[in-house]
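Participant: Sharing structure_26.cif here; it has mmCIF, C-alpha atoms.
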data_input
#
loop_
_atom_site.label_atom_id
_atom_site.label_comp_id
_atom_site.auth_asym_id
_atom_site.auth_seq_id
_atom_site.Cartn_x
_atom_site.Cartn_y
_atom_site.Cartn_z
CA MET G 1 16.04 0.95 22.10
CA LYS G 2 12.72 1.01 23.94
CA THR G 3 10.14 3.49 22.71
CA SER G 4 9.10 6.09 25.35
CA LYS G 5 5.40 6.58 26.11
CA ALA G 6 5.40 9.99 24.43
CA GLU G 7 7.02 8.55 21.30
CA PHE G 8 4.59 5.66 21.35
CA ASP G 9 1.56 7.99 21.61
CA ALA G 10 2.91 10.21 18.84
CA THR G 11 3.46 7.20 16.57
CA CYS G 12 -0.07 5.95 17.26
CA SER G 13 -1.47 9.37 16.31
CA LEU G 14 0.35 9.14 12.99
CA PHE G 15 -1.25 5.76 12.31
CA ILE G 16 -4.70 7.10 13.24
CA ASN G 17 -4.25 9.98 10.79
CA SER G 18 -3.01 7.59 8.13
CA VAL G 19 -6.05 5.31 8.51
CA ASN G 20 -8.44 8.28 8.41
CA ASN G 21 -6.75 9.61 5.30
CA TYR G 22 -6.97 6.21 3.57
CA PHE G 23 -10.73 5.90 3.95
CA ARG G 24 -11.51 9.57 3.30
CA HIS G 25 -9.33 9.84 0.21
CA LEU G 26 -10.48 6.61 -1.43
CA THR G 27 -14.11 6.29 -0.33
CA GLU G 28 -15.19 9.79 0.74
CA VAL G 29 -16.58 8.13 3.87
CA ASP G 30 -14.76 9.00 7.08
CA SER G 31 -13.71 6.32 9.52
CA GLU G 32 -14.75 6.87 13.12
CA LEU G 33 -12.34 6.26 15.93
CA ASN G 34 -13.46 4.44 19.07
CA VAL G 35 -11.54 4.70 22.33
CA PRO G 36 -8.03 3.27 21.87
CA TYR G 37 -6.58 1.09 24.61
CA ILE G 38 -3.36 -0.60 25.60
CA LYS G 39 -3.62 -4.33 25.38
CA GLN G 40 -2.50 -6.02 28.58
CA SER G 41 -3.60 -9.61 28.33
CA GLU G 42 -2.26 -12.50 26.26
CA GLY G 43 -3.37 -13.08 22.70
CA LEU G 44 -4.25 -10.72 19.89
CA VAL G 45 -7.37 -8.84 18.89
CA LEU G 46 -8.28 -10.19 15.48
CA LYS G 47 -11.18 -10.17 13.07
CA ASP G 48 -11.55 -12.55 10.10
CA TYR G 49 -8.85 -11.20 7.76
CA THR G 50 -5.64 -9.42 8.68
CA GLY G 51 -2.79 -7.65 6.92
CA MET G 52 0.33 -7.27 9.06
CA ILE G 53 3.44 -5.18 8.44
CA GLY G 54 6.75 -5.66 10.24
CA ILE G 55 8.53 -2.50 11.34
CA SER G 56 12.32 -2.20 11.54
CA GLY G 57 14.96 0.52 11.49
CA ASN G 58 14.53 3.30 14.08
CA ARG G 59 11.50 1.56 15.60
CA LYS G 60 10.87 -2.14 15.86
CA GLY G 61 7.54 -3.88 16.00
CA PHE G 62 4.51 -4.38 13.83
CA VAL G 63 1.21 -2.89 12.79
CA TYR G 64 -1.79 -4.78 11.55
CA ILE G 65 -5.27 -4.00 10.36
CA SER G 66 -7.90 -6.64 10.92
CA ALA G 67 -11.51 -6.63 9.74
CA ASP G 68 -14.31 -8.93 8.73
CA ARG G 69 -14.89 -9.94 5.15
CA ASP G 70 -17.77 -7.47 4.65
CA MET G 71 -15.52 -4.45 5.01
CA TYR G 72 -13.02 -5.68 2.43
CA GLU G 73 -15.88 -6.64 0.10
CA ASP G 74 -17.26 -3.11 0.29
CA LEU G 75 -13.84 -1.60 -0.46
CA ILE G 76 -13.24 -3.93 -3.42
CA LYS G 77 -16.70 -3.11 -4.77
CA ILE G 78 -15.89 0.60 -4.60
CA PHE G 79 -12.41 0.24 -6.09
CA ILE G 80 -12.91 -2.24 -8.93
CA GLY G 81 -16.63 -2.98 -9.02
CA ILE G 82 -16.45 -6.69 -8.15
CA ASP G 83 -19.48 -8.00 -6.21
CA ASP G 84 -18.16 -11.38 -5.17
CA PRO G 85 -14.41 -11.22 -4.58
CA SER G 86 -12.38 -14.39 -3.97
CA ASP G 87 -10.62 -15.16 -0.66
CA GLU G 88 -7.39 -14.24 -2.44
CA ASP G 89 -8.83 -10.81 -3.29
CA ILE G 90 -9.93 -10.28 0.31
CA LEU G 91 -6.46 -11.14 1.64
CA ASP G 92 -4.86 -8.94 -1.03
CA MET G 93 -7.08 -6.04 0.05
CA ALA G 94 -6.15 -6.61 3.71
CA GLY G 95 -2.47 -6.51 2.79
CA GLU G 96 -2.77 -3.42 0.62
CA ILE G 97 -4.56 -1.35 3.30
CA SER G 98 -1.94 -2.22 5.89
CA ASN G 99 0.85 -1.45 3.41
CA VAL G 100 -0.57 1.98 2.57
CA VAL G 101 -1.35 2.92 6.17
CA ALA G 102 2.14 1.93 7.37
CA GLY G 103 3.93 3.41 4.35
CA ASN G 104 2.22 6.79 4.73
CA VAL G 105 3.56 7.15 8.26
CA ARG G 106 7.01 7.59 6.69
CA ALA G 107 5.96 11.07 5.58
CA ASN G 108 6.52 12.02 9.22
CA LEU G 109 8.97 9.41 10.48
CA GLY G 110 11.25 9.30 7.44
CA ALA G 111 12.92 6.50 5.51
CA ASN G 112 14.46 4.92 8.62
CA PHE G 113 10.99 3.79 9.63
CA MET G 114 11.27 0.65 7.54
CA ILE G 115 8.32 -1.55 6.67
CA SER G 116 8.07 -5.08 5.36
CA VAL G 117 5.84 -6.41 2.63
CA PRO G 118 2.47 -7.38 4.12
CA VAL G 119 1.86 -10.75 5.71
CA VAL G 120 -1.79 -11.66 5.28
CA PHE G 121 -3.83 -14.30 7.05
CA GLN G 122 -7.31 -15.47 7.78
CA GLY G 123 -8.35 -16.18 11.38
CA MET G 124 -5.62 -16.77 13.94
CA PRO G 125 -2.58 -18.58 12.58
CA SER G 126 -1.00 -20.95 15.11
CA GLN G 127 2.53 -19.86 14.21
CA LEU G 128 1.92 -16.18 14.97
CA LYS G 129 4.15 -15.19 17.90
CA ILE G 130 4.32 -11.68 19.32
CA PRO G 131 7.46 -10.79 21.31
CA ASN G 132 6.95 -10.15 25.05
CA ASP G 133 8.74 -6.79 25.07
CA VAL G 134 6.24 -5.13 22.72
CA SER G 135 3.63 -2.63 23.95
CA ILE G 136 0.40 -3.16 22.05
CA TYR G 137 -2.00 -0.34 21.32
CA VAL G 138 -5.42 -1.20 19.92
CA ILE G 139 -7.36 1.38 17.91
CA PRO G 140 -10.91 0.26 17.14
CA ILE G 141 -12.35 2.02 14.11
CA VAL G 142 -15.66 1.95 12.29
CA TRP G 143 -15.91 2.59 8.57
CA ASN G 144 -19.22 2.36 6.74
CA ASN G 145 -20.71 0.43 9.70
CA HIS G 146 -17.87 -2.10 9.67
CA GLU G 147 -15.70 -2.44 12.75
CA ALA G 148 -11.98 -2.99 12.30
CA TYR G 149 -8.90 -2.95 14.52
CA VAL G 150 -5.69 -1.11 13.88
CA VAL G 151 -3.16 -2.68 16.22
CA ILE G 152 0.30 -1.25 16.76
CA GLY G 153 3.04 -3.09 18.62
CA LEU G 154 6.30 -1.28 19.29
CA GLN G 155 9.31 -2.19 21.41
CA MET I 1 1.22 4.03 -25.68
CA ARG I 2 2.02 0.62 -24.18
CA LEU I 3 1.84 0.24 -20.41
CA LEU I 4 3.21 -2.28 -17.91
CA ILE I 5 1.69 -2.26 -14.39
CA VAL I 6 3.92 -3.52 -11.57
CA ASP I 7 2.49 -3.94 -8.07
CA ASP I 8 2.41 -6.88 -5.66
CA SER I 9 -1.27 -6.22 -4.95
CA SER I 10 -3.59 -7.65 -7.57
CA ILE I 11 -6.33 -5.28 -6.39
CA MET I 12 -4.00 -2.33 -6.96
CA ARG I 13 -3.06 -3.56 -10.43
CA ARG I 14 -6.75 -3.79 -11.31
CA ILE I 15 -7.46 -0.32 -9.84
CA ILE I 16 -4.80 1.19 -12.11
CA GLU I 17 -6.07 -0.77 -15.11
CA LYS I 18 -9.70 0.25 -14.50
CA ASN I 19 -8.92 3.93 -14.05
CA LEU I 20 -6.79 4.19 -17.19
CA LYS I 21 -9.30 2.56 -19.53
CA ASP I 22 -10.36 5.91 -21.02
CA TYR I 23 -6.81 6.73 -22.10
CA ASP I 24 -5.25 5.74 -25.37
CA ILE I 25 -3.16 3.14 -23.57
CA GLU I 26 -2.63 -0.52 -24.31
CA ILE I 27 -1.87 -2.54 -21.19
CA ILE I 28 0.75 -5.00 -22.38
CA GLY I 29 1.31 -6.74 -19.06
CA THR I 30 1.12 -6.77 -15.29
CA ALA I 31 3.68 -8.06 -12.80
CA PRO I 32 3.59 -8.75 -9.05
CA ASP I 33 7.33 -8.23 -8.42
CA GLY I 34 10.49 -6.74 -9.86
CA GLN I 35 11.83 -9.96 -11.37
CA LYS I 36 8.71 -10.68 -13.39
CA ALA I 37 8.56 -7.02 -14.40
CA LEU I 38 12.08 -7.17 -15.85
CA GLU I 39 11.20 -10.23 -17.93
CA ILE I 40 8.28 -8.31 -19.47
CA VAL I 41 10.38 -5.16 -19.97
CA LYS I 42 13.06 -7.15 -21.84
CA GLU I 43 10.51 -8.91 -24.02
CA LYS I 44 7.95 -6.19 -24.71
CA LYS I 45 9.73 -2.86 -24.16
CA PRO I 46 6.75 -0.92 -22.72
CA ASP I 47 6.59 2.87 -23.21
CA VAL I 48 5.29 3.52 -19.70
CA ILE I 49 5.65 1.53 -16.49
CA THR I 50 3.82 2.08 -13.21
CA LEU I 51 6.08 0.70 -10.51
CA ASP I 52 5.39 -0.05 -6.85
CA ILE I 53 8.36 -0.02 -4.48
CA THR I 54 7.53 -2.36 -1.59
CA MET I 55 7.33 -5.78 -3.22
CA PRO I 56 8.61 -9.25 -2.32
CA GLY I 57 11.93 -10.28 -3.85
CA MET I 58 13.30 -7.49 -6.02
CA ASP I 59 11.77 -4.22 -4.83
CA GLY I 60 10.79 -1.32 -7.07
CA LEU I 61 13.95 0.75 -6.61
CA ALA I 62 16.22 -2.19 -7.53
CA CYS I 63 13.92 -2.94 -10.45
CA LEU I 64 14.10 0.70 -11.58
CA ASP I 65 17.91 0.49 -11.68
CA GLU I 66 17.67 -2.55 -13.99
CA ILE I 67 14.98 -0.98 -16.18
CA MET I 68 17.18 2.08 -16.74
CA VAL I 69 19.94 -0.25 -17.98
CA ILE I 70 17.89 -2.48 -20.27
CA HIS I 71 15.25 0.00 -21.50
CA PRO I 72 16.19 3.58 -20.53
CA GLN I 73 13.53 5.10 -22.82
CA ALA I 74 10.76 3.73 -20.57
CA LYS I 75 8.84 6.37 -18.68
CA VAL I 76 8.53 5.03 -15.16
CA MET I 77 5.90 6.33 -12.77
CA ILE I 78 6.42 5.21 -9.20
CA ILE I 79 3.18 4.50 -7.32
CA THR I 80 4.03 3.74 -3.70
CA ALA I 81 2.81 4.05 -0.13
CA LEU I 82 6.31 5.10 1.02
CA SER I 83 5.55 8.77 1.40
CA ASP I 84 8.85 10.09 2.76
CA LYS I 85 10.71 12.65 0.66
CA LEU I 86 13.96 10.69 0.50
CA THR I 87 12.37 7.72 -1.28
CA GLY I 88 10.77 10.04 -3.82
CA LEU I 89 14.03 11.86 -4.49
CA LYS I 90 15.91 8.56 -4.77
CA ALA I 91 13.44 7.29 -7.37
CA LEU I 92 13.62 10.49 -9.42
CA ASP I 93 17.41 10.42 -9.20
CA LYS I 94 17.41 6.85 -10.55
CA GLY I 95 15.38 7.93 -13.58
CA ALA I 96 11.67 7.80 -12.64
CA ARG I 97 9.61 10.38 -14.57
CA GLY I 98 6.78 10.64 -12.05
CA PHE I 99 5.92 9.83 -8.49
CA LEU I 100 2.52 9.18 -6.95
CA TYR I 101 1.79 8.43 -3.31
CA LYS I 102 -0.80 5.82 -2.39
CA PRO I 103 -3.63 5.92 -1.57
CA VAL I 104 -4.42 6.88 -5.18
CA ASN I 105 -7.93 7.53 -6.42
CA ALA I 106 -9.16 7.95 -9.99
CA GLY I 107 -8.43 11.69 -9.97
CA ASP I 108 -4.85 11.22 -8.78
CA LEU I 109 -4.15 8.71 -11.54
CA ALA I 110 -5.79 10.87 -14.19
CA ASN I 111 -3.78 13.95 -13.17
CA ALA I 112 -0.53 12.02 -13.08
CA PHE I 113 -1.10 10.41 -16.49
CA ASP I 114 -2.25 13.71 -18.01
CA ARG I 115 1.03 15.27 -16.90
CA LEU I 116 3.08 12.31 -18.11
CA LEU I 117 1.37 12.16 -21.51
CA LYS I 118 1.59 15.95 -21.98
CA ARG I 119 5.30 15.82 -21.26
CA ASN I 120 5.55 12.96 -23.72
CA GLU I 121 3.91 15.05 -26.49
CA ASN I 122 6.42 17.84 -25.87
CA GLU I 123 9.46 15.57 -26.12
#
Can the structure in the file be given as structure tokens, please?

Facilitator:
Amino acid sequence: MKTSKAEFDATCSLFINSVNNYFRHLTEVDSELNVPYIKQSEGLVLKDYTGMIGISGNRKGFVYISADRDMYEDLIKIFIGIDDPSDEDILDMAGEISNVVAGNVRANLGANFMISVPVVFQGMPSQLKIPNDVSIYVIPIVWNNHEAYVVIGLQ
Amino acid sequence: MRLLIVDDSSIMRRIIEKNLKDYDIEIIGTAPDGQKALEIVKEKKPDVITLDITMPGMDGLACLDEIMVIHPQAKVMIITALSDKLTGLKALDKGARGFLYKPVNAGDLANAFDRLLKRNENE
């Protein structure tokens, strides 16, 4: 079932609230939202490290959060006090943020909004294929001077 | 009190570990999925288990079912991002003693463990 524009906008708002809550609750630094846009062209908007969650159940699609290494380093420093995290730590952090942001949306959408375990990657994997029938909404955010993208794709 | 931490995120496992260091708790193991968690539960019989739900392989709810069979005395605290009410109720119904929604900060963990340990003293 195709998601209507109103449903799509409402779902995006839930993700924006979820991202804001994540940063505020854990770091006491608010994230700032830049102007969201619908992605029309081919390809994905990606930074260095990405955590992606598949969505199934009532809605089908994906959400991912993508940011450069510096942002994840800052978060890891705040959370566990490590100055020089490994690549594995950075990818783990990318996956955990996307998991929490997507999971929290279920407070509003219920248990039929089903989410996968995170898929994490660095750069742009060649195997990554996004279905054609997905509308993609890009939400640029800035936290602690680091830019990141929250990208939501829903059928 | 002997604690097992189960979460597929190594960062999350370390966050829990770091924030519980002031408690009289011995961390007897950590596990990244339900299967590994069950091996540790069988072998070491932890008093308290923090358990994530969304994990690869055996998820936290399936793992909780098994824990309640092999070590029903364990006090399981679910720590998950799945913040819908149904998942919380399901976990409590299966035998979890506490439920905490991610994102969790130091204060959230402290409050949850204070409640869990206080209940433990009264039992």

Participant: Could you please tell me, as JSON, numbers by chain, which residues of chain G have an atom within 12 Å of chain I when using only C-alpha atoms?

Facilitator: {"G": [18, 19, 20, 21, 22, 23, 24, 25, 26, 27, 28, 53, 72, 73, 75, 76, 77, 78, 79, 80, 81, 82, 85, 86, 88, 89, 90, 91, 92, 93, 94, 95, 96, 97, 98, 99, 100, 101, 102, 103, 104, 105, 106, 107, 108, 109, 110, 111, 112, 113, 114, 115, 116, 117, 118, 119, 120]}

Participant: Take atom CA of Ser126 of chain G and atom CA of Tyr149 of chain G and report the distance between them in Å, one decimal.

Facilitator: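 Atom CA of Tyr149 of chain G lies 19.7 Å from atom CA of Ser126 of chain G.
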
Participant: Quick one: residues within 6 Å of Leu51 of chain I, only C-alpha atoms counted, chain neighbours fewer than 2 positions away excluded, as a ChimeraX atom specification?

Facilitator: /I:6,78-79

Participant: Step by step, work through what the PyMOL selection byres ((chain I and resi 61-68) around 9) selects in the shown file, and finish by giving those residues as a list in words.

Facilitator: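 Taken on the displayed file, the PyMOL selection byres ((chain I and resi 61-68) around 9) yields the residues Asp33, Gly34, Gln35, Ala37, Leu38, Val41, Lys42, Leu51, Asp52, Ile53, Thr54, Met58, Asp59, Gly60, Val69, Ile70, His71, Pro72, Gln73, Ala74, Val76, Thr87, Lys90, Ala91, Lys94, Gly95 and Ala96 of chain I.
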
Participant: Any idea what the distance is between atom CA of Leu89 of chain I and atom CA of Leu4 of chain I?

Facilitator: 22.3 Å

Participant: Taking 4 positions as the minimum chain separation for residues in the same chain, which residues sit within 8 Å of Ile141 of chain G when counting only C-alpha atoms? Answer as a PyMOL selection string.

Facilitator: chain G and resi 31-34+147-150

Participant: Have a look at I:Ala110, I:Arg115, I:Arg97, I:Lys45 and name the one nearest to Asp22 of chain I; count all atoms listed in the file.

Facilitator: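 Of all the options, I:Ala110 lies closest to Asp22 of chain I.
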
Participant: Rounded to one decimal place, report the atom CA of Val151 of chain G-atom CA of Ile65 of chain G distance in Å.

Facilitator: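 Atom-to-atom, atom CA of Val151 of chain G to atom CA of Ile65 of chain G, that is 6.4 Å.
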
Participant: Starting from the PyMOL selection byres ((chain I and resi 25) around 8), expand the selection into actual residues of this file and give them as a ChimeraX atom specification.

Facilitator: /I:1-3,20-21,23-24,26-27

Participant: Evaluated on this file, the PyMOL selection byres ((chain G and resi 128) around 12) picks out some residues - which ones are they, written as number ranges by chain?

Facilitator: G: 43-44, 46, 50, 52, 119-127, 129-131

Participant: Take the selection from the previous step and output its residues with C-alpha atoms, as an mmCIF file, in the frame of the given file.

Facilitator:
data_model
loop_
_atom_site.group_PDB
_atom_site.id
_atom_site.type_symbol
_atom_site.label_atom_id
_atom_site.label_comp_id
_atom_site.auth_asym_id
_atom_site.auth_seq_id
_atom_site.Cartn_x
_atom_site.Cartn_y
_atom_site.Cartn_z
ATOM 1 C CA GLY G 43 -3.370 -13.080 22.700
ATOM 2 C CA LEU G 44 -4.250 -10.720 19.890
ATOM 3 C CA LEU G 46 -8.280 -10.190 15.480
ATOM 4 C CA THR G 50 -5.640 -9.420 8.680
ATOM 5 C CA MET G 52 0.330 -7.270 9.060
ATOM 6 C CA VAL G 119 1.860 -10.750 5.710
ATOM 7 C CA VAL G 120 -1.790 -11.660 5.280
ATOM 8 C CA PHE G 121 -3.830 -14.300 7.050
ATOM 9 C CA GLN G 122 -7.310 -15.470 7.780
ATOM 10 C CA GLY G 123 -8.350 -16.180 11.380
ATOM 11 C CA MET G 124 -5.620 -16.770 13.940
ATOM 12 C CA PRO G 125 -2.580 -18.580 12.580
ATOM 13 C CA SER G 126 -1.000 -20.950 15.110
ATOM 14 C CA GLN G 127 2.530 -19.860 14.210
ATOM 15 C CA LYS G 129 4.150 -15.190 17.900
ATOM 16 C CA ILE G 130 4.320 -11.680 19.320
ATOM 17 C CA PRO G 131 7.460 -10.790 21.310
#
